[in-house]
>>> print(open('protein_6.cif').read())   # mmCIF, C-alpha atoms
data_query
#
loop_
_atom_site.group_PDB
_atom_site.id
_atom_site.type_symbol
_atom_site.label_atom_id
_atom_site.label_comp_id
_atom_site.auth_asym_id
_atom_site.auth_seq_id
_atom_site.Cartn_x
_atom_site.Cartn_y
_atom_site.Cartn_z
ATOM 1 C CA MET C 70 18.846 -13.839 -31.112
ATOM 2 C CA ASN C 71 18.541 -13.458 -27.330
ATOM 3 C CA ARG C 72 21.643 -11.307 -27.170
ATOM 4 C CA ARG C 73 20.266 -9.037 -29.867
ATOM 5 C CA VAL C 74 16.966 -8.633 -28.037
ATOM 6 C CA VAL C 75 18.761 -7.846 -24.781
ATOM 7 C CA LEU C 76 20.949 -5.266 -26.532
ATOM 8 C CA LEU C 77 17.945 -3.592 -28.128
ATOM 9 C CA VAL C 78 16.083 -3.397 -24.832
ATOM 10 C CA ALA C 79 19.162 -2.029 -23.080
ATOM 11 C CA LEU C 80 19.578 0.583 -25.820
ATOM 12 C CA GLY C 81 15.959 1.660 -25.461
ATOM 13 C CA LEU C 82 16.278 1.991 -21.693
ATOM 14 C CA ALA C 83 19.489 3.950 -22.067
ATOM 15 C CA LEU C 84 17.795 6.367 -24.482
ATOM 16 C CA VAL C 85 14.944 6.930 -22.057
ATOM 17 C CA LEU C 86 17.251 7.535 -19.104
ATOM 18 C CA ILE C 87 20.093 9.481 -20.688
ATOM 19 C CA VAL C 88 18.377 11.403 -23.485
ATOM 20 C CA PRO C 89 14.695 11.682 -22.458
ATOM 21 C CA ALA C 90 13.954 14.389 -25.033
ATOM 22 C CA VAL C 91 14.442 11.839 -27.817
ATOM 23 C CA THR C 92 11.656 9.663 -26.399
ATOM 24 C CA PHE C 93 9.089 12.443 -25.953
ATOM 25 C CA ALA C 94 6.865 11.476 -28.874
ATOM 26 C CA CYS C 95 3.609 12.568 -27.268
ATOM 27 C CA SER C 96 2.675 16.250 -27.669
ATOM 28 C CA VAL C 97 1.052 16.273 -24.238
ATOM 29 C CA CYS C 98 4.296 15.139 -22.619
ATOM 30 C CA LEU C 99 6.344 17.525 -24.771
ATOM 31 C CA GLY C 100 3.984 20.402 -24.028
ATOM 32 C CA GLY C 101 4.252 19.852 -20.309
ATOM 33 C CA ALA C 102 7.970 19.254 -20.237
ATOM 34 C CA ASP C 103 8.929 22.903 -19.661
ATOM 35 C CA GLY C 104 7.073 23.715 -16.485
ATOM 36 C CA TYR C 105 4.663 22.231 -13.996
ATOM 37 C CA ASP C 106 1.124 22.063 -15.320
ATOM 38 C CA PRO C 107 -1.478 20.356 -13.119
ATOM 39 C CA LEU C 108 -3.525 19.243 -16.112
ATOM 40 C CA THR C 109 -0.533 17.588 -17.774
ATOM 41 C CA ASP C 110 0.367 15.963 -14.498
ATOM 42 C CA ALA C 111 -3.217 14.728 -14.138
ATOM 43 C CA PHE C 112 -3.211 13.203 -17.615
ATOM 44 C CA ASN C 113 0.161 11.582 -16.979
ATOM 45 C CA TRP C 114 -1.035 9.854 -13.830
ATOM 46 C CA SER C 115 -4.304 8.820 -15.424
ATOM 47 C CA VAL C 116 -2.589 7.373 -18.477
ATOM 48 C CA LEU C 117 -0.067 5.493 -16.326
ATOM 49 C CA PHE C 118 -2.875 4.042 -14.239
ATOM 50 C CA LEU C 119 -4.912 2.981 -17.270
ATOM 51 C CA MET C 120 -1.849 1.505 -18.949
ATOM 52 C CA ALA C 121 -1.131 -0.644 -15.904
ATOM 53 C CA MET C 122 -4.685 -1.875 -15.413
ATOM 54 C CA PRO C 123 -4.909 -4.433 -18.276
ATOM 55 C CA TYR C 124 -1.679 -6.071 -17.094
ATOM 56 C CA ALA C 125 -2.967 -6.126 -13.536
ATOM 57 C CA VAL C 126 -6.332 -7.618 -14.516
ATOM 58 C CA VAL C 127 -5.023 -10.228 -16.954
ATOM 59 C CA GLY C 128 -2.085 -11.052 -14.691
ATOM 60 C CA SER C 129 -4.405 -11.593 -11.724
ATOM 61 C CA ILE C 130 -6.702 -13.890 -13.682
ATOM 62 C CA ALA C 131 -3.821 -15.844 -15.225
ATOM 63 C CA GLY C 132 -2.034 -16.044 -11.885
ATOM 64 C CA TRP C 133 -5.126 -17.392 -10.152
ATOM 65 C CA ILE C 134 -5.661 -19.997 -12.880
ATOM 66 C CA PHE C 135 -1.994 -21.043 -12.641
ATOM 67 C CA TYR C 136 -2.226 -21.237 -8.843
ATOM 68 C CA SER C 137 -5.404 -23.342 -9.019
ATOM 69 C CA TYR C 138 -3.838 -25.863 -11.388
ATOM 70 C CA ARG C 139 -0.596 -26.054 -9.400
ATOM 71 C CA SER C 140 -2.392 -26.628 -6.109
ATOM 72 C CA ALA C 141 -4.658 -29.251 -7.710
ATOM 73 C CA ALA C 142 -1.638 -31.044 -9.186
ATOM 74 C CA LYS C 143 0.116 -30.916 -5.808
ATOM 75 C CA ARG C 144 -2.935 -32.392 -4.098
ATOM 76 C CA ARG C 145 -2.921 -35.260 -6.586
ATOM 77 C CA GLY C 146 0.783 -35.884 -6.062
ATOM 78 C CA LEU C 147 1.758 -35.088 -9.620
ATOM 79 C CA LEU C 148 4.453 -32.606 -8.723
ATOM 80 C CA LYS C 149 7.020 -35.098 -7.494
ATOM 81 C CA LYS C 150 10.640 -34.128 -7.665
ATOM 82 C CA LYS C 151 12.141 -36.307 -10.406
ATOM 83 C CA ALA C 152 15.690 -37.616 -10.376
ATOM 84 C CA PRO C 153 17.960 -35.709 -12.776
ATOM 85 C CA ALA C 154 18.318 -37.268 -16.207
ATOM 86 C CA LEU C 155 22.073 -36.785 -16.186
ATOM 87 C CA ARG C 156 24.226 -36.807 -13.079
ATOM 88 C CA LEU C 157 26.971 -34.263 -13.462
ATOM 89 C CA ALA C 158 30.295 -34.619 -11.692
ATOM 90 C CA TRP C 159 31.439 -31.377 -10.026
ATOM 91 C CA ASN C 160 34.987 -32.468 -9.440
ATOM 92 C CA HIS C 161 37.313 -35.273 -10.419
ATOM 93 C CA LYS C 162 36.603 -37.190 -7.211
ATOM 94 C CA GLU C 163 32.884 -37.530 -8.065
ATOM 95 C CA SER C 164 33.604 -38.531 -11.625
ATOM 96 C CA GLY C 165 35.490 -41.574 -10.361
ATOM 97 C CA ARG C 166 38.361 -41.149 -12.760
ATOM 98 C CA MET H 279 0.469 -85.593 -39.665
ATOM 99 C CA LEU H 280 0.117 -88.785 -37.657
ATOM 100 C CA ILE H 281 2.439 -87.334 -34.967
ATOM 101 C CA ALA H 282 0.386 -84.106 -34.803
ATOM 102 C CA TYR H 283 -2.760 -86.063 -33.938
ATOM 103 C CA MET H 284 -0.938 -87.909 -31.140
ATOM 104 C CA VAL H 285 -0.185 -84.677 -29.238
ATOM 105 C CA ARG H 286 -2.687 -83.259 -26.719
ATOM 106 C CA GLU H 287 -4.341 -80.013 -27.610
ATOM 107 C CA SER H 288 -2.948 -78.191 -24.552
ATOM 108 C CA THR H 289 0.556 -79.296 -25.362
ATOM 109 C CA ALA H 290 0.144 -78.176 -28.930
ATOM 110 C CA ARG H 291 -1.057 -74.780 -27.764
ATOM 111 C CA GLU H 292 1.982 -74.368 -25.532
ATOM 112 C CA ALA H 293 4.289 -75.233 -28.385
ATOM 113 C CA VAL H 294 2.627 -72.840 -30.798
ATOM 114 C CA GLU H 295 1.943 -69.781 -28.604
ATOM 115 C CA VAL H 296 4.826 -67.368 -28.055
ATOM 116 C CA GLN H 297 5.693 -66.966 -24.399
ATOM 117 C CA ARG H 298 5.049 -63.375 -23.507
ATOM 118 C CA ASP H 299 7.673 -62.574 -20.979
ATOM 119 C CA GLU H 300 7.428 -59.060 -19.558
ATOM 120 C CA ASN H 301 11.194 -58.881 -19.106
ATOM 121 C CA LEU H 302 11.815 -59.469 -22.787
ATOM 122 C CA ARG H 303 9.734 -56.468 -23.851
ATOM 123 C CA PRO H 304 12.018 -53.852 -25.451
ATOM 124 C CA ARG H 305 12.471 -50.836 -23.201
ATOM 125 C CA ALA H 306 12.794 -47.228 -24.150
ATOM 126 C CA PHE H 307 16.274 -45.879 -24.741
ATOM 127 C CA GLY H 308 18.000 -45.075 -21.446
ATOM 128 C CA GLY H 309 15.705 -47.297 -19.398
ATOM 129 C CA GLY H 310 12.638 -45.048 -19.475
ATOM 130 C CA GLU H 311 10.109 -44.445 -16.802
ATOM 131 C CA PRO H 312 6.583 -45.705 -16.534
ATOM 132 C CA PRO H 313 4.092 -43.224 -17.967
ATOM 133 C CA SER H 314 2.691 -40.820 -15.407
ATOM 134 C CA PRO H 315 -0.915 -41.476 -14.419
ATOM 135 C CA PRO H 316 -3.357 -39.234 -16.241
ATOM 136 C CA ILE H 317 -5.049 -36.447 -14.361
ATOM 137 C CA ALA H 318 -8.548 -37.475 -13.421
ATOM 138 C CA THR H 319 -10.954 -35.615 -15.648
ATOM 139 C CA GLU H 320 -14.222 -36.147 -13.823
ATOM 140 C CA GLU H 321 -14.494 -32.445 -13.028
ATOM 141 C CA PRO H 322 -12.345 -29.621 -14.408
ATOM 142 C CA ILE H 323 -10.209 -27.765 -11.906
ATOM 143 C CA ILE H 324 -11.752 -24.453 -12.958
ATOM 144 C CA GLY H 325 -15.263 -24.889 -14.292
ATOM 145 C CA ASN H 326 -16.562 -23.058 -17.334
ATOM 146 C CA SER H 327 -18.946 -20.947 -15.292
ATOM 147 C CA ARG H 328 -16.200 -19.741 -12.961
ATOM 148 C CA LEU H 329 -13.952 -18.909 -15.892
ATOM 149 C CA ALA H 330 -16.770 -17.007 -17.587
ATOM 150 C CA LEU H 331 -17.479 -15.019 -14.432
ATOM 151 C CA LEU H 332 -13.762 -14.251 -14.119
ATOM 152 C CA MET H 333 -13.787 -12.797 -17.641
ATOM 153 C CA PHE H 334 -16.861 -10.754 -16.739
ATOM 154 C CA LEU H 335 -15.217 -9.474 -13.550
ATOM 155 C CA GLY H 336 -12.153 -8.517 -15.596
ATOM 156 C CA ALA H 337 -14.391 -6.465 -17.878
ATOM 157 C CA GLU H 338 -16.033 -4.853 -14.832
ATOM 158 C CA ALA H 339 -12.627 -4.043 -13.410
ATOM 159 C CA MET H 340 -11.676 -2.283 -16.641
ATOM 160 C CA PHE H 341 -14.978 -0.392 -16.571
ATOM 161 C CA PHE H 342 -14.221 0.950 -13.105
ATOM 162 C CA ALA H 343 -10.621 1.616 -14.140
ATOM 163 C CA GLY H 344 -11.923 3.964 -16.839
ATOM 164 C CA LEU H 345 -14.093 5.830 -14.334
ATOM 165 C CA ILE H 346 -11.238 6.028 -11.844
ATOM 166 C CA GLY H 347 -8.921 7.281 -14.586
ATOM 167 C CA ALA H 348 -11.366 10.087 -15.372
ATOM 168 C CA PHE H 349 -11.635 10.918 -11.663
ATOM 169 C CA ILE H 350 -7.853 11.053 -11.380
ATOM 170 C CA VAL H 351 -7.702 13.597 -14.212
ATOM 171 C CA PHE H 352 -10.257 15.893 -12.545
ATOM 172 C CA ARG H 353 -8.848 15.444 -9.055
ATOM 173 C CA VAL H 354 -5.154 15.959 -9.821
ATOM 174 C CA ALA H 355 -5.817 18.834 -12.253
ATOM 175 C CA SER H 356 -7.725 20.779 -9.588
ATOM 176 C CA THR H 357 -5.560 22.797 -7.240
ATOM 177 C CA ILE H 358 -8.429 23.148 -4.732
ATOM 178 C CA TRP H 359 -10.384 19.980 -3.919
ATOM 179 C CA PRO H 360 -13.168 19.871 -2.881
ATOM 180 C CA PRO H 361 -14.047 22.995 -4.851
ATOM 181 C CA ALA H 362 -15.326 26.017 -2.961
ATOM 182 C CA PHE H 363 -18.960 26.191 -1.834
ATOM 183 C CA GLN H 364 -19.476 22.423 -2.177
ATOM 184 C CA PRO H 365 -20.814 20.318 0.734
ATOM 185 C CA ARG H 366 -18.308 18.052 2.416
ATOM 186 C CA LEU H 367 -18.690 14.291 2.125
ATOM 187 C CA PRO H 368 -19.649 12.189 5.190
ATOM 188 C CA VAL H 369 -16.302 10.509 5.721
ATOM 189 C CA ALA H 370 -16.967 9.028 9.183
ATOM 190 C CA VAL H 371 -20.390 7.546 8.421
ATOM 191 C CA THR H 372 -19.109 6.088 5.166
ATOM 192 C CA GLY H 373 -16.146 4.678 7.056
ATOM 193 C CA VAL H 374 -18.535 2.748 9.280
ATOM 194 C CA ASN H 375 -20.426 1.713 6.145
ATOM 195 C CA THR H 376 -17.159 0.414 4.719
ATOM 196 C CA LEU H 377 -16.720 -1.809 7.767
ATOM 197 C CA ILE H 378 -20.268 -3.120 7.306
ATOM 198 C CA LEU H 379 -19.521 -4.057 3.708
ATOM 199 C CA LEU H 380 -16.224 -5.701 4.636
ATOM 200 C CA LEU H 381 -18.050 -7.716 7.292
ATOM 201 C CA SER H 382 -20.530 -8.848 4.643
ATOM 202 C CA GLY H 383 -17.586 -10.109 2.605
ATOM 203 C CA LEU H 384 -16.495 -12.193 5.565
ATOM 204 C CA THR H 385 -19.965 -13.697 6.070
ATOM 205 C CA MET H 386 -20.186 -14.469 2.363
ATOM 206 C CA ARG H 387 -16.894 -16.347 2.554
ATOM 207 C CA ARG H 388 -18.224 -18.294 5.546
ATOM 208 C CA ALA H 389 -21.354 -19.137 3.542
ATOM 209 C CA VAL H 390 -19.255 -20.566 0.685
ATOM 210 C CA LYS H 391 -17.179 -22.593 3.137
ATOM 211 C CA ALA H 392 -20.362 -23.903 4.754
ATOM 212 C CA ILE H 393 -21.784 -25.287 1.507
ATOM 213 C CA LEU H 394 -18.416 -26.795 0.537
ATOM 214 C CA ALA H 395 -18.648 -28.682 3.846
ATOM 215 C CA GLY H 396 -22.253 -29.628 3.096
ATOM 216 C CA GLN H 397 -23.759 -27.586 5.949
ATOM 217 C CA SER H 398 -26.959 -26.165 4.477
ATOM 218 C CA GLY H 399 -28.188 -24.640 7.732
ATOM 219 C CA ARG H 400 -25.065 -22.555 8.169
ATOM 220 C CA LEU H 401 -25.186 -21.611 4.498
ATOM 221 C CA ILE H 402 -28.680 -20.155 4.868
ATOM 222 C CA ARG H 403 -27.725 -18.271 8.032
ATOM 223 C CA TYR H 404 -24.614 -16.727 6.531
ATOM 224 C CA LEU H 405 -26.348 -15.875 3.257
ATOM 225 C CA GLY H 406 -29.099 -14.153 5.204
ATOM 226 C CA THR H 407 -26.574 -12.205 7.261
ATOM 227 C CA THR H 408 -24.741 -11.141 4.119
ATOM 228 C CA ALA H 409 -27.966 -9.960 2.515
ATOM 229 C CA VAL H 410 -28.903 -7.952 5.607
ATOM 230 C CA LEU H 411 -25.468 -6.295 5.735
ATOM 231 C CA GLY H 412 -25.593 -5.514 2.015
ATOM 232 C CA LEU H 413 -29.039 -3.941 2.303
ATOM 233 C CA LEU H 414 -27.873 -1.952 5.347
ATOM 234 C CA PHE H 415 -24.929 -0.645 3.318
ATOM 235 C CA LEU H 416 -27.249 0.447 0.502
ATOM 236 C CA ALA H 417 -29.696 2.042 2.930
ATOM 237 C CA ILE H 418 -27.001 4.123 4.638
ATOM 238 C CA GLN H 419 -25.528 5.151 1.280
ATOM 239 C CA GLY H 420 -28.988 6.158 0.029
ATOM 240 C CA TYR H 421 -29.694 8.160 3.177
ATOM 241 C CA GLU H 422 -26.386 10.025 2.848
ATOM 242 C CA TRP H 423 -27.075 10.706 -0.817
ATOM 243 C CA VAL H 424 -30.453 12.269 0.000
ATOM 244 C CA ARG H 425 -28.745 14.495 2.559
ATOM 245 C CA LEU H 426 -26.058 15.544 0.061
ATOM 246 C CA ILE H 427 -28.673 16.387 -2.576
ATOM 247 C CA HIS H 428 -30.506 18.434 0.057
ATOM 248 C CA PHE H 429 -27.261 20.323 0.758
ATOM 249 C CA GLY H 430 -26.767 21.079 -2.950
ATOM 250 C CA LEU H 431 -24.417 18.391 -4.248
ATOM 251 C CA THR H 432 -26.085 16.994 -7.367
ATOM 252 C CA LEU H 433 -24.983 15.291 -10.579
ATOM 253 C CA SER H 434 -25.111 18.605 -12.436
ATOM 254 C CA SER H 435 -23.708 20.863 -9.714
ATOM 255 C CA GLY H 436 -20.181 20.591 -11.099
ATOM 256 C CA VAL H 437 -17.225 18.274 -11.595
ATOM 257 C CA TYR H 438 -17.198 17.369 -7.908
ATOM 258 C CA GLY H 439 -20.795 16.162 -7.860
ATOM 259 C CA ALA H 440 -20.593 14.519 -11.276
ATOM 260 C CA THR H 441 -17.549 12.416 -10.439
ATOM 261 C CA PHE H 442 -18.884 11.538 -6.997
ATOM 262 C CA TYR H 443 -22.297 10.351 -8.127
ATOM 263 C CA THR H 444 -20.923 8.562 -11.222
ATOM 264 C CA LEU H 445 -18.302 6.564 -9.358
ATOM 265 C CA ILE H 446 -20.237 5.862 -6.193
ATOM 266 C CA GLY H 447 -23.498 5.413 -8.075
ATOM 267 C CA CYS H 448 -22.017 2.779 -10.391
ATOM 268 C CA HIS H 449 -20.688 0.891 -7.415
ATOM 269 C CA GLY H 450 -24.054 1.178 -5.671
ATOM 270 C CA ALA H 451 -25.789 -0.237 -8.747
ATOM 271 C CA HIS H 452 -23.390 -3.180 -8.694
ATOM 272 C CA VAL H 453 -24.076 -3.759 -5.002
ATOM 273 C CA LEU H 454 -27.817 -3.682 -5.698
ATOM 274 C CA GLY H 455 -27.392 -6.275 -8.429
ATOM 275 C CA ALA H 456 -25.273 -8.404 -6.117
ATOM 276 C CA VAL H 457 -27.927 -8.192 -3.376
ATOM 277 C CA ILE H 458 -30.669 -9.263 -5.803
ATOM 278 C CA TRP H 459 -28.521 -12.210 -6.937
ATOM 279 C CA LEU H 460 -27.816 -13.066 -3.296
ATOM 280 C CA LEU H 461 -31.520 -13.067 -2.441
ATOM 281 C CA VAL H 462 -32.220 -15.460 -5.320
ATOM 282 C CA VAL H 463 -29.415 -17.753 -4.120
ATOM 283 C CA LEU H 464 -30.802 -17.555 -0.584
ATOM 284 C CA ALA H 465 -34.258 -18.554 -1.814
ATOM 285 C CA LEU H 466 -32.747 -21.514 -3.698
ATOM 286 C CA ALA H 467 -30.726 -22.507 -0.631
ATOM 287 C CA ARG H 468 -33.859 -22.540 1.517
ATOM 288 C CA ARG H 469 -35.428 -24.907 -1.033
ATOM 289 C CA GLY H 470 -32.440 -27.235 -0.633
ATOM 290 C CA SER H 471 -31.011 -26.717 -4.106
ATOM 291 C CA PHE H 472 -27.373 -26.674 -2.967
ATOM 292 C CA THR H 473 -25.277 -29.530 -1.610
ATOM 293 C CA ALA H 474 -21.590 -30.191 -1.085
ATOM 294 C CA SER H 475 -21.328 -31.564 -4.617
ATOM 295 C CA ARG H 476 -23.674 -29.019 -6.205
ATOM 296 C CA HIS H 477 -22.461 -25.619 -5.027
ATOM 297 C CA THR H 478 -21.519 -23.711 -8.168
ATOM 298 C CA GLY H 479 -24.320 -21.163 -7.782
ATOM 299 C CA VAL H 480 -23.166 -20.174 -4.312
ATOM 300 C CA VAL H 481 -19.517 -19.994 -5.354
ATOM 301 C CA LEU H 482 -20.320 -17.748 -8.327
ATOM 302 C CA CYS H 483 -22.409 -15.419 -6.186
ATOM 303 C CA GLY H 484 -19.572 -15.354 -3.660
ATOM 304 C CA MET H 485 -17.063 -14.395 -6.359
ATOM 305 C CA TYR H 486 -19.192 -11.471 -7.525
ATOM 306 C CA TRP H 487 -19.834 -10.354 -3.952
ATOM 307 C CA THR H 488 -16.120 -10.469 -3.184
ATOM 308 C CA PHE H 489 -15.400 -8.308 -6.228
ATOM 309 C CA VAL H 490 -17.970 -5.704 -5.181
ATOM 310 C CA VAL H 491 -16.666 -5.677 -1.592
ATOM 311 C CA ALA H 492 -13.002 -5.484 -2.610
ATOM 312 C CA LEU H 493 -13.707 -2.569 -4.961
ATOM 313 C CA TRP H 494 -15.326 -0.370 -2.319
ATOM 314 C CA PRO H 495 -12.252 0.461 -0.150
ATOM 315 C CA ILE H 496 -10.441 1.659 -3.299
ATOM 316 C CA LEU H 497 -13.326 3.965 -4.195
ATOM 317 C CA TYR H 498 -13.705 5.137 -0.590
ATOM 318 C CA GLY H 499 -10.026 6.003 -0.326
ATOM 319 C CA LEU H 500 -10.013 7.782 -3.662
ATOM 320 C CA VAL H 501 -13.281 9.722 -3.471
ATOM 321 C CA TYR H 502 -13.732 10.363 0.251
ATOM 322 C CA LEU H 503 -10.182 10.539 1.611
ATOM 323 C CA TYR H 504 -7.940 11.739 -1.214
#
>>> encode(input="protein_6.cif", output="structure tokens")
Amino acid sequence: MNRRVVLLVALGLALVLIVPAVTFACSVCLGGADGYDPLTDAFNWSVLFLMAMPYAVVGSIAGWIFYSYRSAAKRRGLLKKKAPALRLAWNHKESGR
Amino acid sequence: MLIAYMVRESTAREAVEVQRDENLRPRAFGGGEPPSPPIATEEPIIGNSRLALLMFLGAEAMFFAGLIGAFIVFRVASTIWPPAFQPRLPVAVTGVNTLILLLSGLTMRRAVKAILAGQSGRLIRYLGTTAVLGLLFLAIQGYEWVRLIHFGLTLSSGVYGATFYTLIGCHGAHVLGAVIWLLVVLALARRGSFTASRHTGVVLCGMYWTFVVALWPILYGLVYLY
């Protein structure tokens, strides 16, 4: 399942990079693809900015909440480094055989 | 039956009760570890009020993002900016005003630290300083606006004026609201309503003030400098 997802994502990225015309679904982007149009450029930048904002806002809030809980847990000594459940031998000398 | 009556009660109890030896208690598979102590739940790490204000600030951020997005469209689409025959914005004076607002953010942070340390006197001083700086910021902005209107830059004079007054005006309205909130918190602080253990009101006001202060340099850079 993970391999399939990775392959699909890689295929999508490859399409965008190698054959960009295939991914131009928006008429604004397609209309401005031939030459430089300030209005198209303006809409592109505005749309990119507005697309990024929800991720920035939600990521900031979630990150701050995560940071608050981690620092509170550290203060209470709950983030102790536990001993590994299974000690692995890296070579035959450590395994004792 | 006769033998049972000849035995002392304490002896009989010892014979009947099962000895509860801690070492004989079955352990978890693999040895196990003692359960971790529960997190103390006297007070949540992030209170409900702080979380609610965070959600509100997120909504405010998206509101300003929409206005900034509209400004970006007008600004980038125009080959000449500012448009011809439009008054120039007071960049230097507003730069000084920006420093005043940033200083108010610093004093607000000091006020929050003071109440967390239980120092009510310092809290009142820093809150008062923050309020004075915030009102000074609004006064200078208002004075510059009156001058710009006198020079012909109005809300209906074109795209330049419309975007300027919409963006800067919305921020000014938020600063005004923050100043009113701050004055209420200052009045409560003078009455002794806040202590080291009861400081949520000050912290919430500080969060909103920080948002308003942090937003201004972005708007200044975009509207005045770009």
>>> atom_distance(input="protein_6.cif", atom1="atom CA of H:Ser382", atom2="atom CA of H:Gly412")
6.6 Å
>>> interface_residues(input="protein_6.cif", of="chain C", to="chain H", cutoff="9 Å", atoms="only C-alpha atoms", output="PDB file with C-alpha atoms, in the coordinates of the input")
ATOM      1  CA  ASP C 106       1.124  22.063 -15.320  1.00  0.00           C
ATOM      2  CA  PRO C 107      -1.478  20.356 -13.119  1.00  0.00           C
ATOM      3  CA  LEU C 108      -3.525  19.243 -16.112  1.00  0.00           C
ATOM      4  CA  THR C 109      -0.533  17.588 -17.774  1.00  0.00           C
ATOM      5  CA  ASP C 110       0.367  15.963 -14.498  1.00  0.00           C
ATOM      6  CA  ALA C 111      -3.217  14.728 -14.138  1.00  0.00           C
ATOM      7  CA  PHE C 112      -3.211  13.203 -17.615  1.00  0.00           C
ATOM      8  CA  ASN C 113       0.161  11.582 -16.979  1.00  0.00           C
ATOM      9  CA  TRP C 114      -1.035   9.854 -13.830  1.00  0.00           C
ATOM     10  CA  SER C 115      -4.304   8.820 -15.424  1.00  0.00           C
ATOM     11  CA  VAL C 116      -2.589   7.373 -18.477  1.00  0.00           C
ATOM     12  CA  PHE C 118      -2.875   4.042 -14.239  1.00  0.00           C
ATOM     13  CA  LEU C 119      -4.912   2.981 -17.270  1.00  0.00           C
ATOM     14  CA  MET C 122      -4.685  -1.875 -15.413  1.00  0.00           C
ATOM     15  CA  PRO C 123      -4.909  -4.433 -18.276  1.00  0.00           C
ATOM     16  CA  VAL C 126      -6.332  -7.618 -14.516  1.00  0.00           C
ATOM     17  CA  VAL C 127      -5.023 -10.228 -16.954  1.00  0.00           C
ATOM     18  CA  ILE C 130      -6.702 -13.890 -13.682  1.00  0.00           C
ATOM     19  CA  ILE C 134      -5.661 -19.997 -12.880  1.00  0.00           C
ATOM     20  CA  SER C 137      -5.404 -23.342  -9.019  1.00  0.00           C
ATOM     21  CA  TYR C 138      -3.838 -25.863 -11.388  1.00  0.00           C
ATOM     22  CA  ALA C 141      -4.658 -29.251  -7.710  1.00  0.00           C
ATOM     23  CA  ALA C 142      -1.638 -31.044  -9.186  1.00  0.00           C
ATOM     24  CA  ARG C 145      -2.921 -35.260  -6.586  1.00  0.00           C
ATOM     25  CA  LEU C 147       1.758 -35.088  -9.620  1.00  0.00           C
TER      26      LEU C 147
END
>>> residues_around(input="protein_6.cif", residues="H:Leu381", least_positions_apart="3", cutoff="10 Å", atoms="all atoms listed in the file", output="ChimeraX atom specification")
/H:375-378,384-387,407-408,411-412,491
>>> residues_near_point(input="protein_6.cif", point="(-26.6, -14.5, -5.2)", cutoff="8 Å", atoms="only C-alpha atoms", output="list in words")
Ala456, Val457, Ile458, Trp459, Leu460, Leu461, Val462, Val463, Leu464, Gly479, Val480, Leu482, Cys483 and Gly484 of chain H
>>> write_last_selection(input="protein_6.cif", atoms="C-alpha atoms", output="PDB file, in the coordinates of the input")
ATOM      1  CA  ALA H 456     -25.273  -8.404  -6.117  1.00  0.00           C
ATOM      2  CA  VAL H 457     -27.927  -8.192  -3.376  1.00  0.00           C
ATOM      3  CA  ILE H 458     -30.669  -9.263  -5.803  1.00  0.00           C
ATOM      4  CA  TRP H 459     -28.521 -12.210  -6.937  1.00  0.00           C
ATOM      5  CA  LEU H 460     -27.816 -13.066  -3.296  1.00  0.00           C
ATOM      6  CA  LEU H 461     -31.520 -13.067  -2.441  1.00  0.00           C
ATOM      7  CA  VAL H 462     -32.220 -15.460  -5.320  1.00  0.00           C
ATOM      8  CA  VAL H 463     -29.415 -17.753  -4.120  1.00  0.00           C
ATOM      9  CA  LEU H 464     -30.802 -17.555  -0.584  1.00  0.00           C
ATOM     10  CA  GLY H 479     -24.320 -21.163  -7.782  1.00  0.00           C
ATOM     11  CA  VAL H 480     -23.166 -20.174  -4.312  1.00  0.00           C
ATOM     12  CA  LEU H 482     -20.320 -17.748  -8.327  1.00  0.00           C
ATOM     13  CA  CYS H 483     -22.409 -15.419  -6.186  1.00  0.00           C
ATOM     14  CA  GLY H 484     -19.572 -15.354  -3.660  1.00  0.00           C
TER      15      GLY H 484
END
>>> atom_distance(input="protein_6.cif", atom1="atom CA of C:Ala121", atom2="atom CA of H:Phe341")
13.9 Å
>>> resolve_selection(input="protein_6.cif", expression="the PyMOL selection byres ((chain H and resi 403) around 10)", output="ChimeraX atom specification")
/H:385,388-389,392,398-402,404-409,464,468
>>> axis_aligned_box(input="protein_6.cif", around="stretch 430-444 of chain H", padding_each_side="5 Å", output="JSON")
{"center_x": -22.0, "center_y": 14.8, "center_z": -7.7, "size_x": 19.6, "size_y": 22.5, "size_z": 19.5}
>>> closest_residue(input="protein_6.cif", among="H:Ala474, H:Phe342, H:Pro365, H:Pro495", to="H:Arg425", atoms="only C-alpha atoms")
H:Pro365
>>> atom_distance(input="protein_6.cif", atom1="atom CA of C:Trp133", atom2="atom CA of H:Trp487")
17.4 Å
>>> resolve_selection(input="protein_6.cif", expression="the PyMOL selection byres ((chain H and resi 422) around 12)", output="VMD selection string")
chain H and resid 365 to 372 375 415 to 421 423 to 429 431 443 446
>>> closest_residue(input="protein_6.cif", among="H:Tyr504, H:Trp359, H:Tyr486, H:Tyr438", to="H:Val453", atoms="only C-alpha atoms")
H:Tyr486
>>> decode(input="protein_6.cif", residues="stretch 79-83 of chain C", atoms="N, CA and C atoms", output="tab-separated table (two decimals), in the first residue's frame")
chain	number	residue	atom	x	y	z
C	79	ALA	N	4.92	10.00	-7.03
C	79	ALA	CA	6.07	10.23	-7.91
C	79	ALA	C	5.59	10.43	-9.35
C	80	LEU	N	4.59	9.67	-9.76
C	80	LEU	CA	4.06	9.82	-11.12
C	80	LEU	C	3.43	11.19	-11.31
C	81	GLY	N	2.69	11.65	-10.31
C	81	GLY	CA	2.08	12.97	-10.39
C	81	GLY	C	3.11	14.08	-10.48
C	82	LEU	N	4.17	13.96	-9.67
C	82	LEU	CA	5.24	14.97	-9.71
C	82	LEU	C	5.95	14.96	-11.06
C	83	ALA	N	6.16	13.76	-11.58
C	83	ALA	CA	6.83	13.65	-12.88
C	83	ALA	C	5.99	14.30	-13.98
